[in-house]
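Trainee: Below is the file coords.pdb, which contains PDB, C-alpha atoms and all ligand atoms.
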ATOM      1  CA  MET A   1       0.000   0.000   0.000  1.00  0.00           C
ATOM      2  CA  ARG A   2       1.353   3.422  -0.901  1.00  0.00           C
ATOM      3  CA  ILE A   3       1.754   5.975   1.861  1.00  0.00           C
ATOM      4  CA  THR A   4      -0.925   8.277   0.399  1.00  0.00           C
ATOM      5  CA  ASP A   5      -3.470   5.425   0.258  1.00  0.00           C
ATOM      6  CA  ASP A   6      -2.528   4.462   3.751  1.00  0.00           C
ATOM      7  CA  ARG A   7      -3.120   7.969   5.071  1.00  0.00           C
ATOM      8  CA  TYR A   8      -6.374   8.241   3.176  1.00  0.00           C
ATOM      9  CA  THR A   9      -7.661   4.953   4.578  1.00  0.00           C
ATOM     10  CA  ARG A  10      -6.696   5.900   8.098  1.00  0.00           C
ATOM     11  CA  ASP A  11      -8.353   9.298   7.808  1.00  0.00           C
ATOM     12  CA  ARG A  12     -11.513   7.652   6.518  1.00  0.00           C
ATOM     13  CA  LEU A  13     -11.477   5.148   9.393  1.00  0.00           C
ATOM     14  CA  ARG A  14     -10.977   7.962  11.893  1.00  0.00           C
ATOM     15  CA  LEU A  15     -13.925   9.970  10.629  1.00  0.00           C
ATOM     16  CA  ASP A  16     -16.194   6.933  10.403  1.00  0.00           C
ATOM     17  CA  LEU A  17     -15.314   5.900  13.934  1.00  0.00           C
ATOM     18  CA  ALA A  18     -15.772   9.452  15.251  1.00  0.00           C
ATOM     19  CA  LEU A  19     -19.258   9.654  13.706  1.00  0.00           C
ATOM     20  CA  ARG A  20     -20.163   6.283  15.135  1.00  0.00           C
ATOM     21  CA  LEU A  21     -19.036   7.482  18.572  1.00  0.00           C
ATOM     22  CA  ILE A  22     -20.992  10.729  18.219  1.00  0.00           C
ATOM     23  CA  ARG A  23     -24.118   8.699  17.442  1.00  0.00           C
ATOM     24  CA  HIS A  24     -23.521   6.717  20.641  1.00  0.00           C
ATOM     25  CA  GLU A  25     -23.132   9.963  22.602  1.00  0.00           C
ATOM     26  CA  ALA A  26     -19.564   9.232  23.608  1.00  0.00           C
ATOM     27  CA  ARG A  27     -17.803  12.058  25.405  1.00  0.00           C
ATOM     28  CA  THR A  28     -15.379  14.264  23.503  1.00  0.00           C
ATOM     29  CA  CYS A  29     -12.417  12.957  25.492  1.00  0.00           C
ATOM     30  CA  THR A  30     -13.328   9.386  24.495  1.00  0.00           C
ATOM     31  CA  ILE A  31     -13.596  10.366  20.817  1.00  0.00           C
ATOM     32  CA  ARG A  32     -10.291  12.245  21.014  1.00  0.00           C
ATOM     33  CA  SER A  33      -8.359   9.416  22.625  1.00  0.00           C
ATOM     34  CA  TRP A  34      -9.734   6.747  20.280  1.00  0.00           C
ATOM     35  CA  THR A  35      -9.438   8.608  16.990  1.00  0.00           C
ATOM     36  CA  GLY A  36      -6.622  11.098  17.577  1.00  0.00           C
ATOM     37  CA  LEU A  37      -8.806  13.886  16.113  1.00  0.00           C
ATOM     38  CA  THR A  38      -8.496  17.358  17.636  1.00  0.00           C
ATOM     39  CA  ASP A  39     -11.300  18.820  19.757  1.00  0.00           C
ATOM     40  CA  ASP A  40     -11.904  21.384  17.030  1.00  0.00           C
ATOM     41  CA  ARG A  41     -12.348  18.716  14.364  1.00  0.00           C
ATOM     42  CA  ILE A  42     -14.673  16.740  16.657  1.00  0.00           C
ATOM     43  CA  ARG A  43     -16.789  19.848  17.329  1.00  0.00           C
ATOM     44  CA  LYS A  44     -17.148  20.466  13.592  1.00  0.00           C
ATOM     45  CA  LEU A  45     -18.062  16.837  12.953  1.00  0.00           C
ATOM     46  CA  TYR A  46     -20.602  16.952  15.739  1.00  0.00           C
ATOM     47  CA  LYS A  47     -22.111  20.166  14.397  1.00  0.00           C
ATOM     48  CA  SER A  48     -22.460  18.824  10.861  1.00  0.00           C
ATOM     49  CA  TYR A  49     -23.886  15.559  12.181  1.00  0.00           C
ATOM     50  CA  VAL A  50     -26.580  17.382  14.176  1.00  0.00           C
ATOM     51  CA  GLU A  51     -27.372  19.637  11.204  1.00  0.00           C
ATOM     52  CA  HIS A  52     -27.676  16.647   8.936  1.00  0.00           C
ATOM     53  CA  ALA A  53     -29.499  14.228  11.217  1.00  0.00           C
ATOM     54  CA  GLY A  54     -31.567  16.720  13.187  1.00  0.00           C
ATOM     55  CA  HIS A  55     -31.452  17.445  16.926  1.00  0.00           C
ATOM     56  CA  ASP A  56     -33.820  14.623  17.779  1.00  0.00           C
ATOM     57  CA  ALA A  57     -31.351  12.068  16.503  1.00  0.00           C
ATOM     58  CA  VAL A  58     -28.831  13.013  19.163  1.00  0.00           C
ATOM     59  CA  ARG A  59     -30.279  12.797  22.612  1.00  0.00           C
ATOM     60  CA  ARG A  60     -27.840  14.334  25.005  1.00  0.00           C
ATOM     61  CA  HIS A  61     -27.341  13.653  28.695  1.00  0.00           C
ATOM     62  CA  ARG A  62     -28.633  10.113  28.547  1.00  0.00           C
ATOM     63  CA  GLY A  63     -26.969   7.883  31.091  1.00  0.00           C
ATOM     64  CA  LYS A  64     -24.134   9.726  32.785  1.00  0.00           C
ATOM     65  CA  ALA A  65     -20.951   7.729  33.176  1.00  0.00           C
ATOM     66  CA  PRO A  66     -21.150   5.837  36.457  1.00  0.00           C
ATOM     67  CA  ARG A  67     -18.757   6.677  39.261  1.00  0.00           C
ATOM     68  CA  GLN A  68     -18.979   3.310  40.948  1.00  0.00           C
ATOM     69  CA  ALA A  69     -18.464  -0.213  39.759  1.00  0.00           C
ATOM     70  CA  ALA A  70     -21.356  -1.267  42.002  1.00  0.00           C
ATOM     71  CA  TYR A  71     -23.747   0.159  39.404  1.00  0.00           C
ATOM     72  CA  PHE A  72     -23.194  -2.876  37.169  1.00  0.00           C
ATOM     73  CA  LEU A  73     -24.161  -5.303  39.937  1.00  0.00           C
ATOM     74  CA  ARG A  74     -27.034  -3.318  41.422  1.00  0.00           C
ATOM     75  CA  ASN A  75     -29.851  -5.650  40.394  1.00  0.00           C
ATOM     76  CA  MET A  76     -30.664  -8.696  38.259  1.00  0.00           C
ATOM     77  CA  GLU A  77     -31.347  -6.702  35.128  1.00  0.00           C
ATOM     78  CA  LEU A  78     -28.083  -4.764  35.331  1.00  0.00           C
ATOM     79  CA  ARG A  79     -26.144  -7.950  36.120  1.00  0.00           C
ATOM     80  CA  LEU A  80     -27.660  -9.586  33.074  1.00  0.00           C
ATOM     81  CA  GLN A  81     -26.911  -6.650  30.799  1.00  0.00           C
ATOM     82  CA  SER A  82     -23.363  -6.255  32.158  1.00  0.00           C
ATOM     83  CA  ALA A  83     -22.652  -9.967  31.693  1.00  0.00           C
ATOM     84  CA  THR A  84     -23.957  -9.843  28.124  1.00  0.00           C
ATOM     85  CA  LEU A  85     -21.860  -6.809  27.233  1.00  0.00           C
ATOM     86  CA  ALA A  86     -18.735  -8.272  28.875  1.00  0.00           C
ATOM     87  CA  THR A  87     -19.237 -11.538  26.955  1.00  0.00           C
ATOM     88  CA  LEU A  88     -19.450  -9.589  23.692  1.00  0.00           C
ATOM     89  CA  MET A  89     -16.293  -7.649  24.578  1.00  0.00           C
ATOM     90  CA  CYS A  90     -14.437 -10.903  25.229  1.00  0.00           C
ATOM     91  CA  SER A  91     -15.626 -12.553  22.035  1.00  0.00           C
ATOM     92  CA  LEU A  92     -14.527  -9.560  19.953  1.00  0.00           C
ATOM     93  CA  GLY A  93     -11.069  -9.566  21.519  1.00  0.00           C
ATOM     94  CA  LEU A  94     -11.361  -6.211  23.253  1.00  0.00           C
ATOM     95  CA  PHE A  95      -9.148  -7.257  26.144  1.00  0.00           C
ATOM     96  CA  GLN A  96      -6.184  -8.109  23.978  1.00  0.00           C
ATOM     97  CA  PRO A  97      -3.035  -6.081  24.591  1.00  0.00           C
ATOM     98  CA  ASP A  98      -2.868  -4.422  21.139  1.00  0.00           C
ATOM     99  CA  ALA A  99      -5.588  -2.065  22.372  1.00  0.00           C
ATOM    100  CA  GLY A 100      -2.984   0.192  23.976  1.00  0.00           C
ATOM    101  CA  ALA A 101      -1.781   1.594  20.655  1.00  0.00           C
ATOM    102  CA  GLU A 102      -1.451   5.365  20.256  1.00  0.00           C
ATOM    103  CA  PRO A 103      -4.613   7.393  19.472  1.00  0.00           C
ATOM    104  CA  GLY A 104      -5.501   7.301  15.795  1.00  0.00           C
ATOM    105  CA  ALA A 105      -3.181   4.394  14.951  1.00  0.00           C
ATOM    106  CA  PHE A 106      -4.644   1.633  12.780  1.00  0.00           C
ATOM    107  CA  LEU A 107      -4.780  -0.888  15.624  1.00  0.00           C
ATOM    108  CA  GLN A 108      -6.525   1.573  17.895  1.00  0.00           C
ATOM    109  CA  LEU A 109      -9.072   2.470  15.187  1.00  0.00           C
ATOM    110  CA  ARG A 110      -9.837  -1.187  14.488  1.00  0.00           C
ATOM    111  CA  TRP A 111     -10.177  -1.791  18.203  1.00  0.00           C
ATOM    112  CA  GLY A 112     -12.627   1.132  18.410  1.00  0.00           C
ATOM    113  CA  GLU A 113     -14.687  -0.358  15.588  1.00  0.00           C
ATOM    114  CA  ARG A 114     -14.873  -3.697  17.392  1.00  0.00           C
ATOM    115  CA  PHE A 115     -15.882  -1.917  20.594  1.00  0.00           C
ATOM    116  CA  CYS A 116     -18.752  -0.223  18.724  1.00  0.00           C
ATOM    117  CA  GLU A 117     -19.723  -3.583  17.241  1.00  0.00           C
ATOM    118  CA  ALA A 118     -19.891  -5.134  20.726  1.00  0.00           C
ATOM    119  CA  TYR A 119     -21.929  -2.205  22.032  1.00  0.00           C
ATOM    120  CA  GLU A 120     -24.306  -2.190  19.067  1.00  0.00           C
ATOM    121  CA  THR A 121     -24.898  -5.937  19.393  1.00  0.00           C
ATOM    122  CA  TYR A 122     -25.616  -5.419  23.092  1.00  0.00           C
ATOM    123  CA  LEU A 123     -28.166  -2.682  22.229  1.00  0.00           C
ATOM    124  CA  GLY A 124     -29.898  -5.104  19.873  1.00  0.00           C
ATOM    125  CA  GLU A 125     -30.221  -7.732  22.602  1.00  0.00           C
ATOM    126  CA  PHE A 126     -32.340  -5.687  24.997  1.00  0.00           C
ATOM    127  CA  ALA A 127     -35.625  -3.862  24.643  1.00  0.00           C
ATOM    128  CA  GLU A 128     -34.476  -1.404  27.307  1.00  0.00           C
ATOM    129  CA  PRO A 129     -30.697  -1.166  27.364  1.00  0.00           C
ATOM    130  CA  ARG A 130     -29.585   0.299  30.677  1.00  0.00           C
ATOM    131  CA  LEU A 131     -25.930   0.810  29.854  1.00  0.00           C
ATOM    132  CA  GLY A 132     -24.992   3.927  27.898  1.00  0.00           C
ATOM    133  CA  PHE A 133     -21.857   4.066  25.804  1.00  0.00           C
ATOM    134  CA  GLU A 134     -19.826   5.618  28.614  1.00  0.00           C
ATOM    135  CA  HIS A 135     -21.051   2.871  30.954  1.00  0.00           C
ATOM    136  CA  ALA A 136     -19.604   0.425  28.450  1.00  0.00           C
ATOM    137  CA  CYS A 137     -16.275   2.282  28.485  1.00  0.00           C
ATOM    138  CA  TYR A 138     -16.243   2.247  32.276  1.00  0.00           C
ATOM    139  CA  LEU A 139     -17.067  -1.458  32.353  1.00  0.00           C
ATOM    140  CA  HIS A 140     -14.249  -2.201  29.925  1.00  0.00           C
ATOM    141  CA  ARG A 141     -11.697  -0.202  31.937  1.00  0.00           C
ATOM    142  CA  ALA A 142     -12.795  -1.782  35.213  1.00  0.00           C
ATOM    143  CA  LEU A 143     -12.595  -5.312  33.802  1.00  0.00           C
ATOM    144  CA  GLU A 144      -9.208  -4.610  32.256  1.00  0.00           C
ATOM    145  CA  ARG A 145      -7.793  -3.358  35.551  1.00  0.00           C
ATOM    146  CA  GLN A 146      -9.611  -6.039  37.564  1.00  0.00           C
ATOM    147  CA  ALA A 147      -9.426  -3.702  40.530  1.00  0.00           C
ATOM    148  CA  GLU A 148     -13.177  -3.425  41.096  1.00  0.00           C
ATOM    149  CA  LEU A 149     -14.850  -5.799  38.667  1.00  0.00           C
ATOM    150  CA  ALA A 150     -13.756  -9.094  37.187  1.00  0.00           C
ATOM    151  CA  ILE A 151     -15.044 -11.647  34.720  1.00  0.00           C
ATOM    152  CA  ASP A 152     -15.755 -15.070  36.114  1.00  0.00           C
ATOM    153  CA  GLU A 153     -17.443 -18.205  34.913  1.00  0.00           C
ATOM    154  CA  CYS A 154     -20.663 -19.443  36.494  1.00  0.00           C
ATOM    155  CA  LEU A 155     -20.186 -22.861  38.092  1.00  0.00           C
ATOM    156  CA  GLY A 156     -23.746 -23.762  37.156  1.00  0.00           C
ATOM    157  CA  CYS A 157     -23.892 -23.070  33.423  1.00  0.00           C
ATOM    158  CA  GLY A 158     -20.445 -21.853  32.416  1.00  0.00           C
ATOM    159  CA  ALA A 159     -21.688 -18.436  31.263  1.00  0.00           C
ATOM    160  CA  LEU A 160     -19.356 -15.492  31.730  1.00  0.00           C
ATOM    161  CA  VAL A 161     -20.502 -13.200  34.506  1.00  0.00           C
ATOM    162  CA  VAL A 162     -19.337  -9.869  35.884  1.00  0.00           C
ATOM    163  CA  VAL A 163     -18.555 -10.051  39.587  1.00  0.00           C
ATOM    164  CA  SER A 164     -16.989  -7.848  42.211  1.00  0.00           C
ATOM    165  CA  ALA A 165     -13.228  -8.384  42.021  1.00  0.00           C
ATOM    166  CA  PHE A 166     -13.324  -9.563  45.628  1.00  0.00           C
ATOM    167  CA  ALA A 167     -16.340 -11.863  45.379  1.00  0.00           C
ATOM    168  CA  ALA A 168     -16.255 -15.640  45.567  1.00  0.00           C
ATOM    169  CA  ARG A 169     -17.020 -17.594  42.409  1.00  0.00           C
ATOM    170  CA  PRO A 170     -20.799 -17.633  41.887  1.00  0.00           C
ATOM    171  CA  ASP A 171     -22.701 -20.913  42.225  1.00  0.00           C
ATOM    172  CA  THR A 172     -25.505 -19.648  40.032  1.00  0.00           C
ATOM    173  CA  CYS A 173     -25.658 -16.634  37.789  1.00  0.00           C
ATOM    174  CA  VAL A 174     -28.404 -14.471  36.327  1.00  0.00           C
ATOM    175  CA  PHE A 175     -28.620 -16.848  33.389  1.00  0.00           C
ATOM    176  CA  CYS A 176     -29.115 -20.168  35.192  1.00  0.00           C
ATOM    177  CA  GLY A 177     -30.278 -18.793  38.563  1.00  0.00           C
ATOM    178  CA  GLU A 178     -33.508 -17.621  37.028  1.00  0.00           C
ATOM    179  CA  GLY A 179     -33.879 -20.689  34.869  1.00  0.00           C
ATOM    180  CA  ARG A 180     -35.406 -18.695  32.033  1.00  0.00           C
ATOM    181  CA  LEU A 181     -32.631 -16.504  30.709  1.00  0.00           C
ATOM    182  CA  LEU A 182     -30.111 -17.481  28.120  1.00  0.00           C
ATOM    183  CA  PRO A 183     -26.597 -16.204  27.612  1.00  0.00           C
ATOM    184  CA  PRO A 184     -26.104 -14.253  24.352  1.00  0.00           C
ATOM    185  CA  SER A 185     -26.624 -16.556  21.413  1.00  0.00           C
ATOM    186  CA  ARG A 186     -23.875 -17.545  19.021  1.00  0.00           C
ATOM    187  CA  GLU A 187     -25.702 -15.730  16.237  1.00  0.00           C
ATOM    188  CA  ALA A 188     -25.690 -12.567  18.313  1.00  0.00           C
ATOM    189  CA  LEU A 189     -21.935 -12.852  18.803  1.00  0.00           C
ATOM    190  CA  HIS A 190     -21.218 -13.390  15.122  1.00  0.00           C
ATOM    191  CA  ARG A 191     -23.778 -11.148  13.544  1.00  0.00           C
TER     192      ARG A 191
HETATM  193 ZN    ZN A 201     -25.123 -19.826  35.292  1.00  0.00          ZN
END
What does the file become when written as structure tokens?

Mentor:
Amino acid sequence: MRITDDRYTRDRLRLDLALRLIRHEARTCTIRSWTGLTDDRIRKLYKSYVEHAGHDAVRRHRGKAPRQAAYFLRNMELRLQSATLATLMCSLGLFQPDAGAEPGAFLQLRWGERFCEAYETYLGEFAEPRLGFEHACYLHRALERQAELAIDECLGCGALVVVSAFAARPDTCVFCGEGRLLPPSREALHR
């Protein structure tokens, strides 16, 4: 690939990813660190997106980023949704070490695309998704650090579950504990 093509492709990827993040109401600092675009460029993109799509398409202030990991374990529904999202993140390789590449680098852009894919699949799985995009970012960071939250496997059904980093391994999870819920289907993971 020639250098000019390479730059063109990367620029295209950056803009596509930035627009995808704007649609998901990601914060500017998230968009900046994933795409390497300047704040000014992001503002302009945002402005043209709103002008094009209309104000109704971008609902602001939905789901502030959580300040506590406990949010993800607060009740059955949130446990279920967190486990589903974490499973999607695992299956799309979002915890692999190449994610630490510099902002705007090819690897980082591809990683960002896979993150959006995981989040969009999660949105499609629930009638009322309770985790906003910044919740998803928080969940990913927390699971990566394993300081507050960790991924474990249910002893009952083998589904991946999100647990407190200090909790004992669960005997039953939200999937088999209720007896009616199913972990995300294979089709959902490979859609
Ligand atoms: Zn289970």

Trainee: Could you check the closest approach to Gly158 of chain A for each of A:Leu78, A:Leu143, A:Cys176, A:Ala26 and tell me which residue wins, using all atoms listed in the file?

Mentor: A:Cys176

Trainee: Figure out the distance between atom CA of Tyr138 of chain A and atom CA of Tyr49 of chain A, please, to one decimal in Å.

Mentor: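 Pair atom CA of Tyr49 of chain A / atom CA of Tyr138 of chain A returns 25.3 Å.
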
Trainee: Find the nearest atom pair between each residue of chain A and ligand ZN 201 (chain A) for residues within 8 Å, count all atoms listed in the file, give distances in Å to one decimal, sort rows by chain and ascending number, and present the table as a tab-separated table.

Mentor:
residue	atom	partner	partner_atom	distance
A:Glu153	CA	A:ZN201	ZN	7.9
A:Cys154	CA	A:ZN201	ZN	4.6
A:Leu155	CA	A:ZN201	ZN	6.4
A:Gly156	CA	A:ZN201	ZN	4.6
A:Cys157	CA	A:ZN201	ZN	3.9
A:Gly158	CA	A:ZN201	ZN	5.9
A:Ala159	CA	A:ZN201	ZN	5.5
A:Asp171	CA	A:ZN201	ZN	7.4
A:Thr172	CA	A:ZN201	ZN	4.8
A:Cys173	CA	A:ZN201	ZN	4.1
A:Val174	CA	A:ZN201	ZN	6.4
A:Phe175	CA	A:ZN201	ZN	5.0
A:Cys176	CA	A:ZN201	ZN	4.0
A:Gly177	CA	A:ZN201	ZN	6.2

Trainee: Looking at all atoms listed in the file, which of A:Val50, A:Leu109, A:Leu85, A:Cys137 is the one that sits closest to Glu125 of chain A?

Mentor: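 Among A:Val50, A:Leu109, A:Leu85, A:Cys137, it is A:Leu85 that comes nearest to Glu125 of chain A.
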
Trainee: Extract, using only C-alpha atoms, all DNA, RNA and protein residues at most 7 Å from Ser164 of chain A, discarding same-chain residues fewer than 6 positions from it, and format them as number ranges by chain.

Mentor: A: 148-150

Trainee: Hey, what comes out of the PyMOL selection byres (((chain A and resi 90) around 12) and not hetatm) on this file? Could you write it as a short mmCIF file (atom, residue, chain, number, x, y, z; two decimals) with C-alpha atoms, keeping the file's coordinate frame?

Mentor:
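What landed in expr_13.cif:
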data_model
loop_
_atom_site.label_atom_id
_atom_site.label_comp_id
_atom_site.auth_asym_id
_atom_site.auth_seq_id
_atom_site.Cartn_x
_atom_site.Cartn_y
_atom_site.Cartn_z
CA ALA A 83 -22.65 -9.97 31.69
CA THR A 84 -23.96 -9.84 28.12
CA LEU A 85 -21.86 -6.81 27.23
CA ALA A 86 -18.74 -8.27 28.88
CA THR A 87 -19.24 -11.54 26.96
CA LEU A 88 -19.45 -9.59 23.69
CA MET A 89 -16.29 -7.65 24.58
CA SER A 91 -15.63 -12.55 22.04
CA LEU A 92 -14.53 -9.56 19.95
CA GLY A 93 -11.07 -9.57 21.52
CA LEU A 94 -11.36 -6.21 23.25
CA PHE A 95 -9.15 -7.26 26.14
CA GLN A 96 -6.18 -8.11 23.98
CA ARG A 114 -14.87 -3.70 17.39
CA PHE A 115 -15.88 -1.92 20.59
CA ALA A 118 -19.89 -5.13 20.73
CA TYR A 119 -21.93 -2.20 22.03
CA HIS A 140 -14.25 -2.20 29.92
CA LEU A 143 -12.60 -5.31 33.80
CA GLU A 144 -9.21 -4.61 32.26
CA ILE A 151 -15.04 -11.65 34.72
CA ASP A 152 -15.76 -15.07 36.11
CA LEU A 160 -19.36 -15.49 31.73
CA VAL A 161 -20.50 -13.20 34.51
CA VAL A 162 -19.34 -9.87 35.88
CA LEU A 189 -21.94 -12.85 18.80
#

Trainee: State, in Å with one decimal place, the distance from atom CA of Ala165 of chain A to atom CA of Gln146 of chain A.

Mentor: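 Atom CA of Gln146 of chain A lies at a distance of 6.2 Å from atom CA of Ala165 of chain A.
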
Trainee: Between atom CA of Arg169 of chain A and atom CA of Glu77 of chain A, what is the distance, to one decimal in Å?

Mentor: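 Computing it gives 19.4 Å between the two atoms.
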
Trainee: Which residues come within 7 Å of segment 31-33 of chain A, counting only C-alpha atoms, excluding same-chain residues fewer than 6 positions away, as a list in words?

Mentor: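 Answer for this query is Ala18, Leu21, Asp39 and Pro103 of chain A.
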
Trainee: Between A:Cys116, A:Ala167, A:Ala127, A:Ala136, which has the minimum distance to Asp16 of chain A (counting only C-alpha atoms)?

Mentor: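 Answer, going by the shortest atom-to-atom distance: A:Cys116.
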
Trainee: Name the residues within 10 Å of (-19.2, 5.3, 31.3), counting only C-alpha atoms in the file's coordinates, and put them as a PyMOL selection string.

Mentor: chain A and resi 26-27+30+63-68+131-141
